[in-house]
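Peer 1: Shown below is the structure under consideration.
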Amino acid sequence: MHITEGFLPPLHAVAWTAASLPFIFFSVYRVNRLMREKPETKLLLAASGAFAFVISALKLPSVTGSCSHATGTGLGAILFGPSVMALLGTIVLAFQTLLLAHGGVTTLGANVFSMAIAGPWVAYAVLRSAKGLKAPLAASVFLAAMLGDLTTYLVTAGQLALAFPDPASGIVGSFLKFTGVFAPTQLPLAVIEGLLTVVIVNFLREYSSDELQNLRFLPKPLVSEARP
Amino acid sequence: MRAIDHYAWTNRWRDWHPVEKGLPAISLLVLTLLLPPLTTAPLVLAGAMLTTVYGAGIPWKTLLSVLAAPLMFLLAGIPFLAVSVDFASGFDLTLSPEGLQLALVTAIRALAAMSCLAFLILTTPLTDGVLLLRRIGIPAGVIELILLIYRLIFVFSERALTGRQAQAARLGYSRLDRSVRSLGLLGGNLFQRALEQARRLEIGLMARGYTGELQVLPPQWKPSWARLMAGMMGVGLVGLASGWLARGLS
């Protein structure tokens, strides 16, 4: 769910950009170091970034009739880890703004925070803890992708609530309002995205465990399991 | 996506330095956010749209379709700015004049801001802007990464469309459960092929002595100060006119 250009008041737009910057800087620093150590990393990351963009541009089968897109935050966090995902996600979001007119320049910071930072970190944390609890892989991947997606949606609703508090019931009321409006599209979307991610991960484990080995340099709980 | 990228590369102002188009567009965007929207936004909207169509020669249809991109989001979000919820006495929905005002202001501000963005993305190819990122201290490696992603997006989206057509022809999207499975397989396939593509690129580049840097010839532009000044004067004019209008109305 992208917040459109000009929707947020200037102060909020600046504040969310400031909140996202440290994560992006850290990610730039990490990715840059990875690329200098192994030049081929650049090509791998480029292919992954382009993949993330294309996946997020594909229309999802939707239950409610409105057209909706996958966010790919969960999958990204599972495959590359959240610290790399911050930069990749930012690049993908910027491309979505510039090539598809989804989102905006002034709201990029807020969108990065919900989709490239909060979502992936939650997905990653869920994946790690589900793995710690010895949950089956499919279940942990499903939970990670679904909760990552839900986090993105809740953070976006929170950002809108902070920007437009309800005159009567304040920020809390406004938050409930925005979660309510977007729930009919976002809740089924989260479940579908979870299922989709499981199908993708299963496919990759079955047919490309060799390629997954290439991703070893990134923090990857999955690859260790994919290894025969 | 095709339409936006197509016009970005072929519009009348394609060969202008990106700063000449970017700086006025961003300034206008900032102006839209900072000044009172009721008087500023209509002027910005008109100015940006007319410049895009009559200046850069973008068809109305394309421009309007870009402006309509966030329509779903606005249609869902805006009405709920006008309505206020009260939990003090159960669940109370009220329509307040302040709420209506806020909804109206936000809607036209978003539209006006969108028109500035539309001008920018329809007149300036993405790669032109990316090359400027170097000036603000983004590492060269990351810029190469961005340019590579830009190139690969078009390669992969063609594959994705072909794959989707093939799946649809085999009734892969006839039911919800099939759609999820088909899309999952398509995604998995795409990723696998993306990794393969990366490896082939790597091998090909290694054979040509790749050490981690892609050497390309940056375009030799010179910003035209006259055009930049004209653009900024247009932005200033919109700002002044909106201030004058606001004074006149109050």
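Residues are referred to by chain and number: the chain letter is A, B, ... according to the order shown in the structure tokens, the number counts from 1 in that chain, and ligands are numbered separately from 1 in the order shown.
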Pull out every residue of chain A that has at least one atom within 7 Å of chain B, counting only C-alpha atoms, and report them as JSON, numbers by chain.

Peer 2: {"A": [4, 5, 6, 7, 9, 10, 32, 39, 40, 42, 43, 44, 46, 47, 48, 49, 50, 51, 53, 54, 55, 61, 91, 98, 99, 100, 101, 102, 166, 167, 168, 169, 173, 181, 196, 197, 199, 200, 203, 204, 208, 211]}

Peer 1: Find the spatial neighbours of A:Gly74, counting only C-alpha atoms, within a cut-off of 12 Å - ignore same-chain residues fewer than 2 positions away - and output them as a PyMOL selection string.

Peer 2: chain A and resi 52+56+70-72+76-82+85+89+115-127+140-152+190-191+193-198+200-201

Peer 1: Quick one: everything within 12 Å of B:Gly236, counting only C-alpha atoms, minus sequence neighbours fewer than 6 positions away in the same chain. Send it as a compact mmCIF listing (two decimals) with C-alpha atoms, in the first residue's frame.

Peer 2:
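As written to disk, selection_28.txt reads:
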# COMPACT_ATOMS: atom_id res chain seq x y z
CA PRO B 24 11.71 23.33 -11.17
CA ALA B 25 9.60 20.18 -10.74
CA SER B 27 10.63 23.18 -6.26
CA LEU B 28 7.02 23.22 -7.43
CA VAL B 30 7.83 21.61 -2.29
CA LEU B 31 5.77 24.75 -2.93
CA THR B 32 2.63 22.63 -3.21
CA THR B 40 -1.85 26.90 -4.63
CA LEU B 43 -2.50 26.75 -10.05
CA VAL B 44 0.19 24.08 -9.67
CA GLY B 47 0.78 24.86 -14.61
CA MET B 229 16.04 30.34 -14.92
CA ALA B 230 12.89 30.29 -17.05
CA SER B 242 -1.12 31.80 -5.23
CA GLY B 243 -0.05 34.23 -2.50

Peer 1: Quick check for you: according to DSSP on this backbone, which residues of stretch 29-191 of chain B are classed as helix (DSSP H, G or I)? Reply as an NGL selection string.

Peer 2: :B and (29-34 or 37-55 or 60-67 or 71-77 or 79-82 or 97-123 or 126-136 or 140-169 or 176-191)

Peer 1: Considering only strand (DSSP E or B) as DSSP defines it on the backbone, what residues of stretch 23-167 of chain B qualify? List them as a list in words.

Peer 2: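 Of stretch 23-167 of chain B, the ones in strand (DSSP E or B) are Val83, Ser84, Val85, Asp86, Asp92, Leu93, Thr94 and Leu95 of chain B.
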
Peer 1: Mind pulling up the distance from atom CA of A:Phe25 to atom CA of A:Thr156?

Peer 2: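 Separation between atom CA of A:Thr156 and atom CA of A:Phe25: 21.9 Å.
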
Peer 1: Would you mind listing what lies within 12 Å of B:Ala246 as a list in words, with only C-alpha atoms counted and same-chain residues fewer than 2 positions away left out?

Peer 2: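 The residues that qualify are Leu35, Pro36, Pro37, Leu38, Thr39, Thr40, Ala41, Leu43, Gly239, Leu240, Ala241, Ser242, Gly243, Trp244, Gly248, Leu249 and Ser250 of chain B.
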
Peer 1: Save out the residues we just selected, C-alpha atoms, as a CSV table (one decimal), in the first residue's frame.

Peer 2:
chain,number,residue,atom,x,y,z
B,35,LEU,CA,1.7,26.8,0.7
B,36,PRO,CA,-2.0,26.7,1.6
B,37,PRO,CA,-3.4,24.1,-0.9
B,38,LEU,CA,-6.7,25.7,-1.6
B,39,THR,CA,-5.2,28.5,-3.6
B,40,THR,CA,-1.9,26.9,-4.6
B,41,ALA,CA,-2.9,23.4,-5.7
B,43,LEU,CA,-2.5,26.7,-10.0
B,239,GLY,CA,4.0,30.9,-5.9
B,240,LEU,CA,3.4,34.7,-6.2
B,241,ALA,CA,0.1,34.2,-7.9
B,242,SER,CA,-1.1,31.8,-5.2
B,243,GLY,CA,-0.1,34.2,-2.5
B,244,TRP,CA,-1.9,37.0,-4.3
B,248,GLY,CA,-7.6,38.4,-2.5
B,249,LEU,CA,-9.9,35.7,-1.1
B,250,SER,CA,-9.3,36.4,2.6

Peer 1: Neighbouring residues of B:Trp225 were defined as those with any atom within 12 Å, considering only C-alpha atoms; residues of the same chain fewer than 4 positions away were excluded. Please report them as a PyMOL selection string.

Peer 2: chain B and resi 16-17+19-21+23+229-233

Peer 1: Tell me which protein, DNA and RNA residues are within 9 Å of A:Thr41, counting only C-alpha atoms, leaving out same-chain ones fewer than 4 positions away, and put them as a PyMOL selection string.

Peer 2: (chain A and resi 31+34-37+45-46+215) or (chain B and resi 198)

Peer 1: What does the file look like for those residues with N, CA and C atoms, as a PDB file, in the first residue's frame?

Peer 2:
ATOM      1  N   VAL A  31      25.993  -3.142   1.701  1.00  0.00           N
ATOM      2  CA  VAL A  31      25.939  -3.635   0.325  1.00  0.00           C
ATOM      3  C   VAL A  31      27.203  -3.227  -0.419  1.00  0.00           C
ATOM      4  N   LEU A  34      29.941  -5.518   0.612  1.00  0.00           N
ATOM      5  CA  LEU A  34      29.749  -6.833  -0.003  1.00  0.00           C
ATOM      6  C   LEU A  34      30.188  -6.812  -1.463  1.00  0.00           C
ATOM      7  N   MET A  35      29.811  -5.713  -2.163  1.00  0.00           N
ATOM      8  CA  MET A  35      30.109  -5.650  -3.593  1.00  0.00           C
ATOM      9  C   MET A  35      31.599  -5.488  -3.837  1.00  0.00           C
ATOM     10  N   ARG A  36      32.287  -4.809  -2.895  1.00  0.00           N
ATOM     11  CA  ARG A  36      33.718  -4.635  -3.106  1.00  0.00           C
ATOM     12  C   ARG A  36      34.475  -5.938  -2.838  1.00  0.00           C
ATOM     13  N   GLU A  37      33.970  -6.690  -1.855  1.00  0.00           N
ATOM     14  CA  GLU A  37      34.628  -7.956  -1.551  1.00  0.00           C
ATOM     15  C   GLU A  37      34.444  -8.957  -2.681  1.00  0.00           C
ATOM     16  N   LEU A  45      22.695  -8.982  -6.918  1.00  0.00           N
ATOM     17  CA  LEU A  45      21.767  -8.052  -6.277  1.00  0.00           C
ATOM     18  C   LEU A  45      20.923  -7.336  -7.315  1.00  0.00           C
ATOM     19  N   ALA A  46      21.544  -6.997  -8.456  1.00  0.00           N
ATOM     20  CA  ALA A  46      20.796  -6.319  -9.512  1.00  0.00           C
ATOM     21  C   ALA A  46      19.672  -7.220 -10.012  1.00  0.00           C
ATOM     22  N   LEU A 215      23.735 -17.555  -2.650  1.00  0.00           N
ATOM     23  CA  LEU A 215      23.280 -16.474  -1.773  1.00  0.00           C
ATOM     24  C   LEU A 215      23.905 -16.587  -0.391  1.00  0.00           C
TER      25      LEU A 215
ATOM     26  N   ALA B 198      22.178 -13.447 -13.807  1.00  0.00           N
ATOM     27  CA  ALA B 198      23.257 -12.791 -13.077  1.00  0.00           C
ATOM     28  C   ALA B 198      24.561 -13.549 -13.292  1.00  0.00           C
TER      29      ALA B 198
END

Peer 1: Have a look at atom CA of A:Ala94 and atom CA of A:Leu176 and let me know their distance in Å, one decimal.

Peer 2: 28.8 Å
